[in-house]
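Student: Hey, dropping structure.txt in here, compact mmCIF, C-alpha atoms:
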```txt
# COMPACT_ATOMS: atom_id res chain seq x y z
CA MET A 1 -185.10 -70.18 -101.73
CA ARG A 2 -181.45 -70.56 -100.74
CA ALA A 3 -180.31 -69.61 -104.23
CA LYS A 4 -182.24 -66.35 -103.97
CA LEU A 5 -180.75 -65.64 -100.53
CA GLU A 6 -177.25 -66.30 -101.89
CA ALA A 7 -177.92 -63.94 -104.79
CA ASP A 8 -179.33 -61.25 -102.48
CA LEU A 9 -176.26 -61.39 -100.23
CA ALA A 10 -173.94 -61.31 -103.24
CA ALA A 11 -175.71 -58.17 -104.46
CA VAL A 12 -175.21 -56.50 -101.06
CA LEU A 13 -171.51 -57.40 -101.00
CA THR A 14 -171.04 -56.08 -104.53
CA ALA A 15 -172.74 -52.79 -103.60
CA ILE A 16 -170.21 -52.05 -100.83
CA SER A 17 -167.28 -49.93 -101.96
CA PRO A 18 -164.49 -48.22 -99.98
CA VAL A 19 -164.85 -44.53 -99.18
CA ASN A 20 -163.30 -42.09 -101.67
CA GLN A 21 -159.94 -41.32 -100.09
CA SER A 22 -159.28 -38.54 -102.62
CA LEU A 23 -161.70 -36.42 -100.54
CA ALA A 24 -159.54 -36.75 -97.44
CA ALA A 25 -157.20 -33.87 -98.25
CA ALA A 26 -160.04 -31.33 -98.45
CA GLY A 27 -161.64 -32.64 -95.25
CA GLN A 28 -158.34 -32.57 -93.38
CA ALA A 29 -157.56 -29.06 -94.66
CA HIS A 30 -160.90 -27.87 -93.29
CA LEU A 31 -160.17 -29.41 -89.89
CA ASP A 32 -156.65 -27.95 -89.86
CA ASN A 33 -158.02 -24.45 -90.56
CA LEU A 34 -160.31 -24.41 -87.51
CA THR A 35 -159.33 -22.25 -84.52
CA LYS A 36 -157.15 -24.78 -82.70
CA PRO A 37 -153.67 -26.24 -83.01
CA GLN A 38 -153.67 -28.87 -85.73
CA GLY A 39 -154.74 -32.27 -84.43
CA SER A 40 -155.49 -30.96 -80.95
CA LEU A 41 -158.94 -32.56 -80.87
CA GLY A 42 -157.37 -35.95 -81.50
CA ARG A 43 -159.76 -38.84 -82.14
CA LEU A 44 -162.68 -36.43 -82.58
CA GLU A 45 -160.96 -35.04 -85.66
CA GLU A 46 -160.38 -38.56 -87.00
CA LEU A 47 -164.05 -39.35 -86.40
CA ALA A 48 -165.17 -36.15 -88.12
CA LEU A 49 -163.02 -36.98 -91.16
CA GLN A 50 -164.36 -40.55 -91.26
CA LEU A 51 -167.94 -39.27 -91.25
CA TYR A 52 -167.05 -36.70 -93.92
CA LEU A 53 -165.63 -39.42 -96.17
CA ILE A 54 -168.55 -41.79 -95.58
CA GLN A 55 -170.97 -39.05 -96.54
CA GLY A 56 -169.11 -38.25 -99.74
CA GLY A 57 -167.45 -34.97 -98.81
CA GLN A 58 -170.64 -33.29 -97.59
CA LYS A 59 -170.93 -31.47 -94.28
CA PRO A 60 -171.03 -34.43 -91.92
CA SER A 61 -174.34 -35.19 -90.22
CA ALA A 62 -174.68 -37.50 -87.23
CA ASP A 63 -178.43 -37.44 -86.76
CA PRO A 64 -180.68 -39.28 -86.54
CA CYS A 65 -178.89 -42.09 -84.68
CA ARG A 66 -180.45 -45.51 -84.19
CA VAL A 67 -179.39 -48.53 -82.09
CA TYR A 68 -180.64 -52.01 -82.91
CA THR A 69 -180.42 -54.45 -79.99
CA VAL A 70 -180.70 -57.92 -81.53
CA ALA A 71 -181.56 -61.00 -79.46
CA GLY A 72 -181.03 -64.72 -79.99
CA ASP A 73 -180.52 -67.95 -78.04
CA HIS A 74 -177.73 -70.52 -78.28
CA GLY A 75 -177.72 -74.31 -78.14
CA VAL A 76 -174.21 -74.31 -76.70
CA VAL A 77 -175.69 -73.22 -73.35
CA ALA A 78 -176.29 -76.96 -72.83
CA GLU A 79 -172.52 -77.25 -72.29
CA GLY A 80 -172.67 -75.14 -69.11
CA VAL A 81 -170.98 -72.04 -70.52
CA SER A 82 -173.21 -69.47 -68.77
CA LEU A 83 -174.29 -68.78 -65.20
CA PHE A 84 -177.70 -67.56 -66.38
CA PRO A 85 -180.61 -69.69 -67.65
CA GLN A 86 -181.79 -69.19 -71.24
CA GLU A 87 -185.11 -67.72 -70.12
CA VAL A 88 -183.21 -64.53 -69.33
CA THR A 89 -182.91 -63.74 -73.07
CA ARG A 90 -186.70 -63.50 -73.43
CA GLN A 91 -187.05 -61.72 -70.11
CA MET A 92 -184.51 -59.10 -71.16
CA VAL A 93 -186.26 -58.54 -74.50
CA ALA A 94 -189.38 -57.67 -72.48
CA ASN A 95 -187.27 -55.38 -70.29
CA PHE A 96 -185.88 -53.60 -73.37
CA VAL A 97 -189.36 -53.15 -74.81
CA HIS A 98 -190.61 -51.64 -71.57
CA GLY A 99 -187.66 -49.25 -71.23
CA GLY A 100 -185.95 -50.63 -68.13
CA ALA A 101 -182.53 -51.80 -69.31
CA GLY A 102 -179.15 -50.11 -69.46
CA ILE A 103 -179.42 -49.58 -73.21
CA ASN A 104 -182.80 -47.86 -72.80
CA VAL A 105 -181.34 -45.37 -70.34
CA LEU A 106 -178.20 -44.68 -72.39
CA ALA A 107 -180.01 -44.48 -75.74
CA ARG A 108 -182.44 -41.95 -74.25
CA THR A 109 -179.55 -39.98 -72.77
CA ALA A 110 -177.69 -40.03 -76.10
CA GLY A 111 -180.79 -39.00 -78.05
CA ALA A 112 -180.70 -42.21 -80.10
CA GLU A 113 -183.67 -44.23 -81.32
CA LEU A 114 -183.78 -47.82 -80.02
CA TYR A 115 -185.33 -50.85 -81.68
CA VAL A 116 -185.27 -54.37 -80.26
CA VAL A 117 -185.06 -57.28 -82.72
CA ASP A 118 -185.92 -60.95 -82.14
CA ALA A 119 -183.60 -62.72 -84.57
CA GLY A 120 -183.64 -66.09 -82.83
CA CYS A 121 -185.07 -66.28 -79.32
CA LEU A 122 -186.38 -69.56 -77.95
CA GLY A 123 -190.17 -69.86 -77.95
CA GLY A 124 -192.75 -68.18 -80.12
CA GLY A 125 -193.25 -64.56 -81.03
CA PHE A 126 -193.51 -61.68 -78.57
CA ASP A 127 -196.43 -59.36 -78.00
CA GLU A 128 -196.41 -56.63 -80.61
CA HIS A 129 -194.78 -53.32 -79.73
CA PRO A 130 -193.83 -50.33 -81.91
CA ASN A 131 -190.16 -50.68 -80.98
CA LEU A 132 -189.97 -54.47 -81.37
CA ILE A 133 -189.13 -56.09 -84.71
CA GLN A 134 -190.23 -59.73 -84.98
CA GLY A 135 -187.58 -61.23 -87.24
CA LYS A 136 -187.18 -64.71 -85.77
CA VAL A 137 -185.20 -66.90 -88.18
CA ALA A 138 -185.30 -69.91 -85.84
CA PRO A 139 -185.94 -70.45 -82.11
CA GLY A 140 -182.25 -70.47 -81.19
CA THR A 141 -179.20 -72.12 -82.71
CA ALA A 142 -178.04 -75.71 -82.45
CA ASN A 143 -175.13 -76.66 -80.19
CA LEU A 144 -171.96 -75.60 -82.03
CA ALA A 145 -169.94 -78.14 -80.03
CA LYS A 146 -172.02 -80.96 -81.52
CA GLY A 147 -172.58 -79.67 -85.08
CA PRO A 148 -173.15 -76.46 -87.07
CA ALA A 149 -174.89 -73.73 -85.07
CA MET A 150 -176.96 -72.74 -88.12
CA THR A 151 -177.71 -74.07 -91.55
CA ARG A 152 -176.28 -71.98 -94.37
CA GLN A 153 -179.84 -70.88 -95.21
CA GLN A 154 -180.53 -69.74 -91.64
CA CYS A 155 -177.27 -67.79 -91.62
CA LEU A 156 -178.17 -66.10 -94.90
CA GLN A 157 -181.62 -65.22 -93.56
CA ALA A 158 -180.11 -63.68 -90.42
CA LEU A 159 -177.56 -61.70 -92.43
CA LEU A 160 -180.24 -60.34 -94.75
CA LEU A 161 -182.45 -59.48 -91.76
CA GLY A 162 -179.59 -57.24 -90.62
CA VAL A 163 -179.31 -55.66 -94.07
CA ASP A 164 -183.05 -54.98 -93.95
CA LEU A 165 -182.65 -53.24 -90.58
CA ALA A 166 -180.04 -50.92 -92.10
CA ASP A 167 -182.35 -50.26 -95.05
CA ARG A 168 -185.27 -49.44 -92.74
CA ALA A 169 -183.05 -46.98 -90.92
CA LEU A 170 -181.92 -45.40 -94.19
CA ALA A 171 -185.54 -44.93 -95.27
CA ALA A 172 -186.09 -43.03 -92.00
CA GLY A 173 -183.08 -40.78 -92.68
CA VAL A 174 -180.78 -42.43 -90.10
CA ARG A 175 -177.11 -41.56 -90.72
CA VAL A 176 -175.51 -43.41 -87.77
CA LEU A 177 -176.27 -46.96 -86.65
CA GLY A 178 -175.39 -48.74 -83.41
CA THR A 179 -175.13 -52.49 -82.84
CA GLY A 180 -176.37 -54.17 -79.67
CA ASP A 181 -176.88 -57.77 -78.61
CA MET A 182 -178.74 -59.94 -76.14
CA GLY A 183 -178.30 -63.68 -75.89
CA ILE A 184 -177.43 -65.89 -72.94
CA GLY A 185 -174.27 -67.82 -73.81
CA ASN A 186 -173.30 -65.61 -76.74
CA THR A 187 -169.73 -64.91 -75.62
CA THR A 188 -169.01 -68.57 -76.50
CA PRO A 189 -169.89 -68.39 -80.22
CA SER A 190 -168.30 -64.94 -80.39
CA THR A 191 -165.02 -66.28 -78.99
CA ALA A 192 -165.17 -69.23 -81.38
CA LEU A 193 -165.59 -66.82 -84.30
CA TYR A 194 -162.62 -64.70 -83.20
CA CYS A 195 -160.48 -67.84 -82.99
CA ALA A 196 -161.63 -69.13 -86.38
CA TYR A 197 -161.41 -65.84 -88.29
CA LEU A 198 -158.27 -64.43 -86.70
CA GLY A 199 -156.29 -67.56 -85.86
CA LEU A 200 -156.45 -66.97 -82.11
CA ASP A 201 -156.24 -69.47 -79.25
CA PRO A 202 -159.29 -70.23 -77.05
CA THR A 203 -157.25 -70.16 -73.85
CA SER A 204 -156.18 -66.53 -74.29
CA MET A 205 -159.49 -65.42 -75.84
CA THR A 206 -162.01 -66.96 -73.43
CA GLY A 207 -163.33 -64.74 -70.64
CA PRO A 208 -165.89 -64.91 -67.82
CA GLY A 209 -168.86 -63.61 -69.81
CA THR A 210 -171.65 -63.24 -67.27
CA GLY A 211 -169.29 -64.00 -64.39
CA LEU A 212 -167.82 -67.50 -64.63
CA ASP A 213 -165.08 -68.42 -62.15
CA LYS A 214 -161.69 -69.76 -63.30
CA PRO A 215 -162.84 -73.41 -63.59
CA GLY A 216 -165.90 -72.20 -65.51
CA VAL A 217 -163.76 -70.17 -67.91
CA ASP A 218 -161.48 -73.18 -68.44
CA ARG A 219 -164.49 -75.39 -69.19
CA LYS A 220 -165.84 -72.80 -71.63
CA ALA A 221 -162.47 -72.61 -73.41
CA GLU A 222 -162.48 -76.39 -73.76
CA VAL A 223 -165.97 -76.28 -75.29
CA ILE A 224 -164.71 -73.72 -77.82
CA ARG A 225 -161.64 -75.85 -78.55
CA THR A 226 -163.92 -78.85 -79.15
CA ALA A 227 -166.10 -76.81 -81.52
CA LEU A 228 -163.09 -75.56 -83.49
CA ALA A 229 -161.79 -79.13 -83.83
CA LEU A 230 -165.21 -80.36 -84.95
CA HIS A 231 -165.38 -77.65 -87.63
CA THR A 232 -161.70 -77.81 -88.65
CA ALA A 233 -162.44 -78.28 -92.33
CA THR A 234 -164.80 -75.28 -92.39
CA VAL A 235 -162.33 -73.08 -90.53
CA LYS A 236 -159.47 -74.10 -92.83
CA SER A 237 -161.61 -73.36 -95.90
CA GLY A 238 -161.57 -69.67 -94.96
CA ASN A 239 -165.14 -69.30 -96.23
CA ALA A 240 -166.48 -66.47 -94.06
CA LEU A 241 -170.14 -67.42 -94.51
CA ASP A 242 -169.62 -71.09 -93.70
CA ILE A 243 -167.57 -70.20 -90.60
CA LEU A 244 -170.33 -67.87 -89.40
CA ALA A 245 -172.96 -70.57 -89.94
CA ALA A 246 -170.92 -73.23 -88.13
CA LEU A 247 -169.83 -71.22 -85.09
CA GLY A 248 -171.99 -68.09 -84.84
CA GLY A 249 -175.41 -67.10 -83.59
CA LEU A 250 -178.54 -65.73 -85.17
CA GLU A 251 -178.16 -62.36 -83.48
CA ILE A 252 -174.45 -62.25 -84.37
CA ALA A 253 -175.19 -62.98 -88.02
CA CYS A 254 -177.95 -60.35 -87.98
CA LEU A 255 -175.51 -57.77 -86.59
CA ALA A 256 -172.96 -58.70 -89.26
CA GLY A 257 -175.71 -58.07 -91.82
CA LEU A 258 -176.52 -54.73 -90.18
CA ILE A 259 -172.87 -53.71 -90.63
CA LEU A 260 -172.90 -54.86 -94.27
CA GLY A 261 -176.13 -52.95 -94.87
CA GLY A 262 -174.75 -49.85 -93.18
CA ALA A 263 -171.65 -49.97 -95.38
CA LYS A 264 -173.81 -50.43 -98.49
CA ASN A 265 -175.93 -47.45 -97.45
CA ARG A 266 -172.94 -45.27 -96.47
CA GLN A 267 -174.01 -45.13 -92.84
CA LEU A 268 -171.48 -44.99 -90.01
CA VAL A 269 -171.85 -48.02 -87.72
CA CYS A 270 -170.91 -47.69 -84.04
CA VAL A 271 -169.94 -51.23 -83.08
CA ASP A 272 -170.54 -52.15 -79.43
CA GLY A 273 -168.36 -54.54 -77.43
CA PHE A 274 -167.27 -58.18 -77.49
CA ILE A 275 -170.26 -59.74 -79.28
CA SER A 276 -170.77 -56.92 -81.76
CA THR A 277 -167.07 -56.87 -82.62
CA ALA A 278 -167.26 -60.58 -83.47
CA ALA A 279 -170.08 -59.67 -85.87
CA CYS A 280 -167.88 -56.87 -87.19
CA VAL A 281 -165.08 -59.37 -87.90
CA ALA A 282 -167.56 -61.58 -89.79
CA ALA A 283 -168.71 -58.60 -91.88
CA TRP A 284 -165.09 -57.58 -92.48
CA LYS A 285 -164.24 -61.09 -93.70
CA LEU A 286 -167.27 -61.03 -96.02
CA ASN A 287 -166.23 -57.64 -97.42
CA PRO A 288 -163.05 -55.88 -96.19
CA ALA A 289 -164.40 -52.45 -97.28
CA THR A 290 -166.78 -52.49 -94.30
CA THR A 291 -163.86 -51.29 -92.15
CA ASP A 292 -164.28 -47.79 -93.65
CA TYR A 293 -167.78 -47.57 -92.20
CA THR A 294 -167.26 -48.89 -88.67
CA VAL A 295 -166.01 -47.37 -85.46
CA LEU A 296 -165.25 -49.58 -82.46
CA SER A 297 -167.14 -47.86 -79.67
CA HIS A 298 -165.27 -49.15 -76.64
CA ALA A 299 -162.80 -51.66 -75.26
CA SER A 300 -164.72 -54.48 -73.63
CA ALA A 301 -163.64 -55.77 -70.24
CA GLU A 302 -163.69 -59.27 -71.77
CA PRO A 303 -159.96 -60.08 -71.89
CA GLY A 304 -159.97 -61.39 -75.47
CA HIS A 305 -161.38 -58.19 -76.91
CA LYS A 306 -158.06 -56.33 -76.76
CA ILE A 307 -156.31 -59.18 -78.58
CA ALA A 308 -158.96 -59.19 -81.31
CA LEU A 309 -158.79 -55.42 -81.77
CA GLU A 310 -155.01 -55.60 -82.19
CA LYS A 311 -155.46 -58.27 -84.88
CA MET A 312 -158.02 -56.05 -86.63
CA GLY A 313 -155.81 -52.96 -86.40
CA LYS A 314 -158.66 -51.03 -84.78
CA GLN A 315 -158.52 -48.68 -81.79
CA PRO A 316 -161.67 -48.25 -79.66
CA LEU A 317 -163.02 -44.80 -78.88
CA LEU A 318 -163.66 -45.41 -75.18
CA ASP A 319 -162.25 -47.62 -72.43
CA LEU A 320 -164.69 -47.63 -69.53
CA GLY A 321 -164.52 -51.24 -68.36
CA LEU A 322 -167.92 -52.01 -69.88
CA ARG A 323 -169.08 -55.59 -70.50
CA LEU A 324 -172.87 -55.34 -70.54
CA GLY A 325 -173.46 -55.44 -74.28
CA GLU A 326 -176.97 -54.45 -75.40
CA GLY A 327 -175.49 -51.57 -77.45
CA THR A 328 -174.56 -49.53 -74.37
CA GLY A 329 -171.09 -48.64 -75.66
CA ALA A 330 -172.50 -47.77 -79.08
CA ALA A 331 -174.96 -45.33 -77.51
CA LEU A 332 -172.13 -43.64 -75.62
CA ALA A 333 -170.07 -43.39 -78.82
CA MET A 334 -172.92 -41.65 -80.59
CA PHE A 335 -172.40 -38.58 -78.42
CA LEU A 336 -168.80 -38.47 -79.65
CA VAL A 337 -169.93 -38.86 -83.27
CA ARG A 338 -172.35 -35.99 -82.83
CA SER A 339 -169.59 -33.91 -81.21
CA ALA A 340 -167.21 -34.67 -84.09
CA ALA A 341 -169.75 -33.54 -86.67
CA ALA A 342 -170.44 -30.36 -84.70
CA ILE A 343 -166.72 -29.53 -84.54
CA PHE A 344 -166.41 -29.86 -88.31
CA ASN A 345 -169.53 -27.82 -89.02
CA GLU A 346 -169.64 -25.17 -86.28
CA MET A 347 -166.12 -24.19 -85.27
CA ALA A 348 -164.82 -20.94 -86.74
CA SER A 349 -161.87 -20.86 -89.09
CA PHE A 350 -158.83 -18.69 -88.30
CA ALA A 351 -159.88 -16.24 -91.02
CA SER A 352 -163.54 -15.99 -90.02
CA ALA A 353 -162.67 -15.51 -86.35
CA GLY A 354 -159.84 -13.05 -87.00
CA VAL A 355 -157.39 -15.27 -85.13
CA SER A 356 -153.74 -15.34 -86.16
CA THR A 357 -152.34 -18.64 -87.34
CA ALA A 358 -149.15 -20.23 -86.03
CA ASP A 359 -145.88 -19.18 -87.67
```
Using the file provided, produce a representation of the structure as structure tokens.
Tutor:
Amino acid sequence: MRAKLEADLAAVLTAISPVNQSLAAAGQAHLDNLTKPQGSLGRLEELALQLYLIQGGQKPSADPCRVYTVAGDHGVVAEGVSLFPQEVTRQMVANFVHGGAGINVLARTAGAELYVVDAGCLGGGFDEHPNLIQGKVAPGTANLAKGPAMTRQQCLQALLLGVDLADRALAAGVRVLGTGDMGIGNTTPSTALYCAYLGLDPTSMTGPGTGLDKPGVDRKAEVIRTALALHTATVKSGNALDILAALGGLEIACLAGLILGGAKNRQLVCVDGFISTAACVAAWKLNPATTDYTVLSHASAEPGHKIALEKMGKQPLLDLGLRLGEGTGAALAMFLVRSAAAIFNEMASFASAGVSTAD
């Protein structure tokens, strides 16, 4: 089975290619000929051009938009890295399904579809619901401070679950994806992944997560340092898949797969905050061309996020002090994506509007 999973992932990675930059001149010329000073709509123009390139030089389309909020539990919670008990992951999945969470409100407001995915929650399956995808790979990860969080096979399964989510969205005509997460303790594996992939230090990267005090943050950083030392050989190998299996989470791997699938399918992926960006780094390390298909929705209030973004050379669209996760920032970014497409498609040119150009 593992051989087939390896082959399936290899096929996905091979199918991802960079956008055709030769189309950029025509897209930029169109934007420059709209009734405004050149570049005056700033990041919206950049976003419009990115969407234009992703969609192969066609009139950019932002709709439909779909957010996947992916849930999983983490064995490292046993190390005392979260203020909240693990039952909250399951409880929040139920809250998402019944429409009561922050992501439900913001997805509705943004006009985005929302699906909730169980990639690795503790316990059995959930009651069936039209907006719930039962994709449990395993009932949570192992403790990454004691051994690998996932087997290589589990990591492959989670990645390919994410690819399947992108493919389901493509079959429904979805042009723009959003990543969201839910998992008590998941800032710990995310921070470990940033440190392993980007060569960063746990002390500067570790934040409060759900609200740890200074001693709690210090303890969490030490847990991450222990995990990195335990998996030194894997980290030094530079093998992106093995690093993800050793230090990641089932929902993080699933989100990395969603980004890979979106890139394969030429869908724009709005990446949410701290957890989703860790998944984005994993996808980027698996195939660097994914960077053409992602937009970092917002700057997380987690202190390490800014450091990671600088290492990635990425600038977030929004900076609102958000640190909820769930896909909330991605939903907000979707309004900007829709606005960027509308600017490209609906603004008049100088000639059509009879407006004089600058000298």
Student: Could you work out how far atom CA of Met205 of chain A lies from atom CA of Gly321 of chain A, giving the answer in Å with one decimal?
Tutor: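 Answer for the atom CA of Gly321 of chain A to atom CA of Met205 of chain A separation: 16.8 Å.
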Student: Determine the nearest neighbour of Leu161 of chain A from the options A:Thr206, A:Thr234, A:Tyr68, A:Arg225, counting only C-alpha atoms.
Tutor: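 Residue with the minimum atom-to-atom distance to Leu161 of chain A: A:Tyr68.
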Student: Compare A:Gly39, A:Pro202, A:Pro85, A:Gly75 by their minimum atom-to-atom distance to Leu228 of chain A, counting only C-alpha atoms, and give me the closest one.
Tutor: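 Smallest separation from Leu228 of chain A among the options: A:Pro202.
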Student: Of the residues A:Ala119, A:Ala221, A:Ala278, A:Leu241, which is the one nearest to Leu193 of chain A, using all atoms listed in the file?
Tutor: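 Smallest separation from Leu193 of chain A among the options: A:Ala278.
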Student: For a quick check of understanding, using only C-alpha atoms, which of A:Phe335, A:Ser349, A:Ala263, A:Cys270 has the smallest distance to Val163 of chain A?
Tutor: A:Ala263
Student: Supply segment 117-144 of chain A as a compact mmCIF listing (two decimals), in the frame of the given file, with N, CA and C atoms built in where the input has gaps.
Tutor:
```
# COMPACT_ATOMS: atom_id res chain seq x y z
N VAL A 117 -184.82 -56.34 -81.63
CA VAL A 117 -185.06 -57.28 -82.72
C VAL A 117 -184.96 -58.71 -82.19
N ASP A 118 -185.99 -59.51 -82.42
CA ASP A 118 -185.92 -60.95 -82.14
C ASP A 118 -185.44 -61.64 -83.40
N ALA A 119 -184.16 -62.00 -83.42
CA ALA A 119 -183.60 -62.72 -84.57
C ALA A 119 -183.63 -64.22 -84.35
N GLY A 120 -183.71 -64.65 -83.06
CA GLY A 120 -183.64 -66.09 -82.83
C GLY A 120 -183.82 -66.50 -81.38
N CYS A 121 -184.81 -65.90 -80.71
CA CYS A 121 -185.07 -66.28 -79.32
C CYS A 121 -185.84 -67.59 -79.25
N LEU A 122 -185.59 -68.36 -78.21
CA LEU A 122 -186.38 -69.56 -77.95
C LEU A 122 -187.84 -69.18 -77.75
N GLY A 123 -188.74 -70.10 -78.12
CA GLY A 123 -190.17 -69.86 -77.95
C GLY A 123 -190.76 -69.18 -79.16
N GLY A 124 -192.03 -68.80 -79.02
CA GLY A 124 -192.75 -68.18 -80.12
C GLY A 124 -192.49 -66.69 -80.21
N GLY A 125 -193.39 -66.00 -80.89
CA GLY A 125 -193.25 -64.56 -81.03
C GLY A 125 -193.54 -63.83 -79.74
N PHE A 126 -193.23 -62.55 -79.72
CA PHE A 126 -193.51 -61.68 -78.57
C PHE A 126 -194.78 -60.88 -78.84
N ASP A 127 -195.32 -60.30 -77.80
CA ASP A 127 -196.43 -59.36 -78.00
C ASP A 127 -195.94 -58.20 -78.86
N GLU A 128 -196.79 -57.73 -79.72
CA GLU A 128 -196.41 -56.63 -80.61
C GLU A 128 -196.11 -55.37 -79.82
N HIS A 129 -195.14 -54.60 -80.33
CA HIS A 129 -194.78 -53.32 -79.73
C HIS A 129 -194.15 -52.48 -80.83
N PRO A 130 -194.39 -51.17 -80.83
CA PRO A 130 -193.83 -50.33 -81.91
C PRO A 130 -192.31 -50.38 -82.04
N ASN A 131 -191.62 -50.67 -80.94
CA ASN A 131 -190.16 -50.68 -80.98
C ASN A 131 -189.57 -52.10 -81.00
N LEU A 132 -190.42 -53.08 -81.27
CA LEU A 132 -189.97 -54.47 -81.37
C LEU A 132 -190.15 -54.97 -82.80
N ILE A 133 -189.09 -55.52 -83.36
CA ILE A 133 -189.13 -56.09 -84.71
C ILE A 133 -189.08 -57.61 -84.59
N GLN A 134 -190.11 -58.27 -85.06
CA GLN A 134 -190.23 -59.73 -84.98
C GLN A 134 -189.57 -60.33 -86.23
N GLY A 135 -188.32 -60.72 -86.08
CA GLY A 135 -187.58 -61.23 -87.24
C GLY A 135 -187.06 -62.64 -87.03
N LYS A 136 -187.71 -63.41 -86.18
CA LYS A 136 -187.18 -64.71 -85.77
C LYS A 136 -186.88 -65.61 -86.98
N VAL A 137 -185.62 -65.97 -87.14
CA VAL A 137 -185.20 -66.90 -88.18
C VAL A 137 -185.43 -68.33 -87.73
N ALA A 138 -185.11 -68.60 -86.47
CA ALA A 138 -185.30 -69.91 -85.84
C ALA A 138 -185.31 -69.70 -84.34
N PRO A 139 -185.92 -70.61 -83.57
CA PRO A 139 -185.94 -70.45 -82.11
C PRO A 139 -184.62 -70.91 -81.48
N GLY A 140 -183.57 -70.16 -81.73
CA GLY A 140 -182.25 -70.47 -81.19
C GLY A 140 -181.42 -71.28 -82.16
N THR A 141 -180.12 -71.33 -81.88
CA THR A 141 -179.20 -72.12 -82.71
C THR A 141 -179.06 -73.52 -82.14
N ALA A 142 -178.45 -74.40 -82.93
CA ALA A 142 -178.04 -75.71 -82.45
C ALA A 142 -176.74 -75.57 -81.66
N ASN A 143 -176.33 -76.66 -81.02
CA ASN A 143 -175.13 -76.66 -80.19
C ASN A 143 -173.89 -76.74 -81.08
N LEU A 144 -173.12 -75.67 -81.13
CA LEU A 144 -171.96 -75.60 -82.03
C LEU A 144 -170.86 -76.59 -81.65
```
